[in-house]
Amino acid sequence: MTENPKHLLDRVSESPHRPSKIAKTAAQNLSNDEEEQQEAPMGPSPRTQRYLVAIEYIGTRFSGSQQQPNFRTVVGVLEDAGVHALSNVCHVDIQRISKRKPGEVLPPHEQTVVRRAVNHFLQNEGDIMVIDVRCVPADFHARFKAQERTYFYRLLSGPEPLSTFERDRAWHVPEELDILAMQEACKILVGHHDFSSFRAAGCQAKSPIRTLDELTVSEVVSTPYFPSIVERRQNNLIMEDLHASSNKSESDLPVSSISIGNGASGFNGEASLGFGIRRRHRCFVVRLLVGVLKAVGTGNLTISDVERILNAKSVTAASPMAPPCGLYLGHVKYDLP
């Protein structure tokens with residue numbers, strides 16, 4: 001199949017501009033976590049160059065994973081509408097044709113040219129961008145060559161209404177979360193298991209058996225984050241102490257540590273914040289299986305409940321799934337040539 005480059009990503013045609021560099025593309029495929037039901041397609045023509053393309057996007061305004069008339073999609077990328085990506089990967093075959101001599105095939109484009117050209121199409125979209133491009137062999141497949149995928153999920157905990165800047169970027173949980181209990185529940189789920197209890201409806205993977213190498217819950221600074229007056233003063237005092245100690249010999253310096261505060265550190269009282277200053281939520285980053293871990297954090301499930309759900313091997317045993325707005329595909333790992 002050969003197609004115009006404006007179809008490299010479904011909705012590029014919305015842009016009124018098109019670069020003059022790229023002539024023809026073929027065989028677009030994106031990496032996702034579902035197994036292919038058919039054999040891998042054959043490689044491109046010897047007259048084309050295959051590129052591995054990494055893209056980031058905010059999934060809020062996308063409508064799902066397949067090409068759909070009248071809806072914006074990223075072809076084959078999103079398993080659910082609203083899922084985001086820090087780095088998802090596709091491959092694309094590009095044939096460079098001479099404008100002066102139609103039919104004459106020119107040497108392949110440089111990687112940076114492909115990146116700039118595609119981003120030229122996307123410059124007015126505001127929620128998707130190509131972040132990297134790599135030349136790969138003709139038989140390199142973005143989906144089948146992927147060795148590992150890393151996902152993150154953002155939870156914002158606290159009774160305050162969700163900030164406008166965080167809407168559709170995280171799951172807001174009004175309850176306080178017990179991070180220690182959630183971390184204990186992670187230990188139950190790590191390893192080689194039948195994850196039937198956690199499969200989404202309509203999952204097309206051939207087998208529910210997977211190896212989960214890592215599952216963690218971490219509390220991080222909520223974003224967008226700007227230090228308060230109190231925090232700026234504390235930071236200034238730290239810097240002054242460091243500056244004063246810089247004149248001492250290394251043997252005179254005490255062993256110390258500097259802690260960087262997060263959204264929950266010491267600023268819970270409204271009086272200390274001042275008028276018009278929003279109270280920040282506690283921000284947690286989780287990898288996968290978020291619905292069950294959230295239920296553990298709120299006390300609705302125990303550690304033994306998690307083990308029971310896992311062993312049940314039935315989706316009816318699990319707690320409701322987490323909304324897609326907090327899910328981010330973080331990285332797809334390859335053994336690149």
# chains A, B, ... in the order shown; residues from 1 in each chain; ligands from 1
$ residues_around --residues "Glu176 in chain A" --least-positions-apart "3" --cutoff "9 Å" --atoms "only C-alpha atoms" --output "short mmCIF file (atom, residue, chain, number, x, y, z; two decimals) with C-alpha atoms, in the first residue's frame"
data_model
loop_
_atom_site.label_atom_id
_atom_site.label_comp_id
_atom_site.auth_asym_id
_atom_site.auth_seq_id
_atom_site.Cartn_x
_atom_site.Cartn_y
_atom_site.Cartn_z
CA SER A 157 -5.35 12.32 46.08
CA GLY A 158 -7.11 14.94 48.17
CA PRO A 159 -10.51 16.54 48.80
CA VAL A 173 -9.34 10.35 44.12
CA ARG A 282 -0.79 14.36 46.75
CA GLY A 297 -5.18 2.55 49.18
CA THR A 298 -8.65 3.66 50.23
#
$ residues_around --residues "Leu86 in chain A" --least-positions-apart "5" --cutoff "7 Å" --atoms "only C-alpha atoms" --output "NGL selection string"
:A and (56-57 or 328-331)
$ select_by_dssp --residues "range 57-161 of chain A" --states "strand (DSSP E or B)" --output "JSON, numbers by chain"
{"A": [57, 84, 85, 86, 87, 88, 89, 90, 91, 92, 93, 94, 95, 97, 105, 128, 129, 130, 131, 132, 133, 134, 135, 136, 148, 149, 150, 151, 152, 153, 154, 155, 156, 157]}
$ residues_around --residues "Ser314 in chain A" --least-positions-apart "3" --cutoff "12 Å" --atoms "only C-alpha atoms" --output "ChimeraX atom specification"
/A:194-201,208,308-311,317-319
$ write_last_selection --atoms "N, CA and C atoms" --output "PDB file, in the first residue's frame"
ATOM      1  N   ASP A 194      -1.419 -15.464  35.539  1.00  0.00           N
ATOM      2  CA  ASP A 194      -2.592 -15.368  34.681  1.00  0.00           C
ATOM      3  C   ASP A 194      -3.386 -14.150  35.153  1.00  0.00           C
ATOM      4  N   PHE A 195      -3.398 -13.089  34.336  1.00  0.00           N
ATOM      5  CA  PHE A 195      -4.032 -11.835  34.723  1.00  0.00           C
ATOM      6  C   PHE A 195      -5.453 -11.708  34.171  1.00  0.00           C
ATOM      7  N   SER A 196      -6.163 -12.829  34.056  1.00  0.00           N
ATOM      8  CA  SER A 196      -7.525 -12.799  33.521  1.00  0.00           C
ATOM      9  C   SER A 196      -8.430 -11.864  34.314  1.00  0.00           C
ATOM     10  N   SER A 197      -8.210 -11.769  35.613  1.00  0.00           N
ATOM     11  CA  SER A 197      -9.047 -10.920  36.455  1.00  0.00           C
ATOM     12  C   SER A 197      -8.898  -9.438  36.141  1.00  0.00           C
ATOM     13  N   PHE A 198      -7.838  -9.089  35.431  1.00  0.00           N
ATOM     14  CA  PHE A 198      -7.556  -7.683  35.180  1.00  0.00           C
ATOM     15  C   PHE A 198      -7.656  -7.318  33.699  1.00  0.00           C
ATOM     16  N   ARG A 199      -8.167  -8.241  32.880  1.00  0.00           N
ATOM     17  CA  ARG A 199      -8.277  -7.969  31.451  1.00  0.00           C
ATOM     18  C   ARG A 199      -9.431  -7.015  31.190  1.00  0.00           C
ATOM     19  N   ALA A 200      -9.188  -6.082  30.285  1.00  0.00           N
ATOM     20  CA  ALA A 200     -10.245  -5.158  29.887  1.00  0.00           C
ATOM     21  C   ALA A 200     -11.223  -5.864  28.967  1.00  0.00           C
ATOM     22  N   ALA A 201     -12.461  -5.427  28.986  1.00  0.00           N
ATOM     23  CA  ALA A 201     -13.456  -5.973  28.070  1.00  0.00           C
ATOM     24  C   ALA A 201     -13.019  -5.692  26.635  1.00  0.00           C
ATOM     25  N   PRO A 208      -3.858 -14.417  28.582  1.00  0.00           N
ATOM     26  CA  PRO A 208      -3.809 -13.512  29.727  1.00  0.00           C
ATOM     27  C   PRO A 208      -2.565 -13.709  30.587  1.00  0.00           C
ATOM     28  N   ARG A 308      -6.734 -12.966  46.345  1.00  0.00           N
ATOM     29  CA  ARG A 308      -7.950 -13.705  45.969  1.00  0.00           C
ATOM     30  C   ARG A 308      -8.385 -13.335  44.548  1.00  0.00           C
ATOM     31  N   ILE A 309      -8.344 -12.044  44.219  1.00  0.00           N
ATOM     32  CA  ILE A 309      -8.749 -11.588  42.894  1.00  0.00           C
ATOM     33  C   ILE A 309      -7.818 -12.155  41.825  1.00  0.00           C
ATOM     34  N   LEU A 310      -6.524 -12.122  42.103  1.00  0.00           N
ATOM     35  CA  LEU A 310      -5.551 -12.651  41.143  1.00  0.00           C
ATOM     36  C   LEU A 310      -5.797 -14.127  40.879  1.00  0.00           C
ATOM     37  N   ASN A 311      -6.036 -14.896  41.935  1.00  0.00           N
ATOM     38  CA  ASN A 311      -6.227 -16.344  41.802  1.00  0.00           C
ATOM     39  C   ASN A 311      -7.574 -16.705  41.202  1.00  0.00           C
ATOM     40  N   ALA A 317     -14.173 -10.649  39.287  1.00  0.00           N
ATOM     41  CA  ALA A 317     -13.683 -10.606  40.658  1.00  0.00           C
ATOM     42  C   ALA A 317     -12.975  -9.308  40.996  1.00  0.00           C
ATOM     43  N   ALA A 318     -12.561  -8.557  39.968  1.00  0.00           N
ATOM     44  CA  ALA A 318     -11.765  -7.352  40.193  1.00  0.00           C
ATOM     45  C   ALA A 318     -12.654  -6.150  40.477  1.00  0.00           C
ATOM     46  N   SER A 319     -12.059  -5.116  41.056  1.00  0.00           N
ATOM     47  CA  SER A 319     -12.748  -3.855  41.289  1.00  0.00           C
ATOM     48  C   SER A 319     -12.858  -3.102  39.966  1.00  0.00           C
TER      49      SER A 319
END
$ atom_distance --atom1 "CA of Val130 in chain A" --atom2 "CA of His109 in chain A"
15.8 Å
$ closest_residue --among "A:Asn236, A:Thr223, A:Gln95, A:Gln204" --to "Thr164 in chain A" --atoms "only C-alpha atoms"
A:Thr223
$ select_by_dssp --residues "range 82-215 of chain A" --states "helix (DSSP H, G or I)" --output "number ranges by chain"
A: 111-122, 164-166, 179-189, 196-198
$ closest_residue --among "A:Cys90, A:Leu289, A:Leu177, A:Cys135" --to "Leu189 in chain A" --atoms "only C-alpha atoms"
A:Leu289
$ residues_around --residues "Ala85 in chain A" --least-positions-apart "2" --cutoff "12 Å" --atoms "only C-alpha atoms" --output "number ranges by chain"
A: 31-32, 54-60, 62, 74, 77-83, 87-89, 127-131, 149-153, 169, 324-332
$ residues_around --residues "Val217 in chain A" --least-positions-apart "4" --cutoff "12 Å" --atoms "only C-alpha atoms" --output "PDB file with C-alpha atoms, in the first residue's frame"
ATOM      1  CA  PHE A 152       2.682   4.986  34.244  1.00  0.00           C
ATOM      2  CA  TYR A 153      -0.565   6.013  35.900  1.00  0.00           C
ATOM      3  CA  ARG A 154      -1.080   9.307  37.743  1.00  0.00           C
ATOM      4  CA  LEU A 155      -3.374   9.490  40.767  1.00  0.00           C
ATOM      5  CA  LEU A 177      -4.480   6.857  49.962  1.00  0.00           C
ATOM      6  CA  ASP A 178      -2.437   4.471  52.095  1.00  0.00           C
ATOM      7  CA  ILE A 179       0.710   4.219  49.986  1.00  0.00           C
ATOM      8  CA  LEU A 180       2.283   1.553  52.233  1.00  0.00           C
ATOM      9  CA  ALA A 181      -0.691  -0.771  51.750  1.00  0.00           C
ATOM     10  CA  MET A 182      -0.586  -0.147  48.005  1.00  0.00           C
ATOM     11  CA  GLN A 183       3.108  -1.018  47.912  1.00  0.00           C
ATOM     12  CA  GLU A 184       2.424  -4.281  49.745  1.00  0.00           C
ATOM     13  CA  ALA A 185      -0.300  -5.135  47.232  1.00  0.00           C
ATOM     14  CA  CYS A 186       2.200  -4.582  44.406  1.00  0.00           C
ATOM     15  CA  LYS A 187       4.319  -7.439  45.740  1.00  0.00           C
ATOM     16  CA  CYS A 283       0.384  12.907  43.443  1.00  0.00           C
ATOM     17  CA  PHE A 284       1.022   9.173  43.084  1.00  0.00           C
ATOM     18  CA  VAL A 285       2.530   7.406  40.074  1.00  0.00           C
ATOM     19  CA  VAL A 286       1.502   3.787  39.627  1.00  0.00           C
ATOM     20  CA  ARG A 287       2.335   1.224  36.967  1.00  0.00           C
ATOM     21  CA  LEU A 288      -0.689  -0.786  35.814  1.00  0.00           C
ATOM     22  CA  LEU A 289      -3.501  -2.547  37.696  1.00  0.00           C
ATOM     23  CA  VAL A 290      -4.512   0.793  39.172  1.00  0.00           C
ATOM     24  CA  LEU A 293      -4.342  -0.710  43.985  1.00  0.00           C
ATOM     25  CA  LYS A 294      -6.529   2.371  44.472  1.00  0.00           C
ATOM     26  CA  VAL A 296      -6.325  -1.029  48.586  1.00  0.00           C
ATOM     27  CA  GLY A 297      -5.177   2.549  49.177  1.00  0.00           C
TER      28      GLY A 297
END
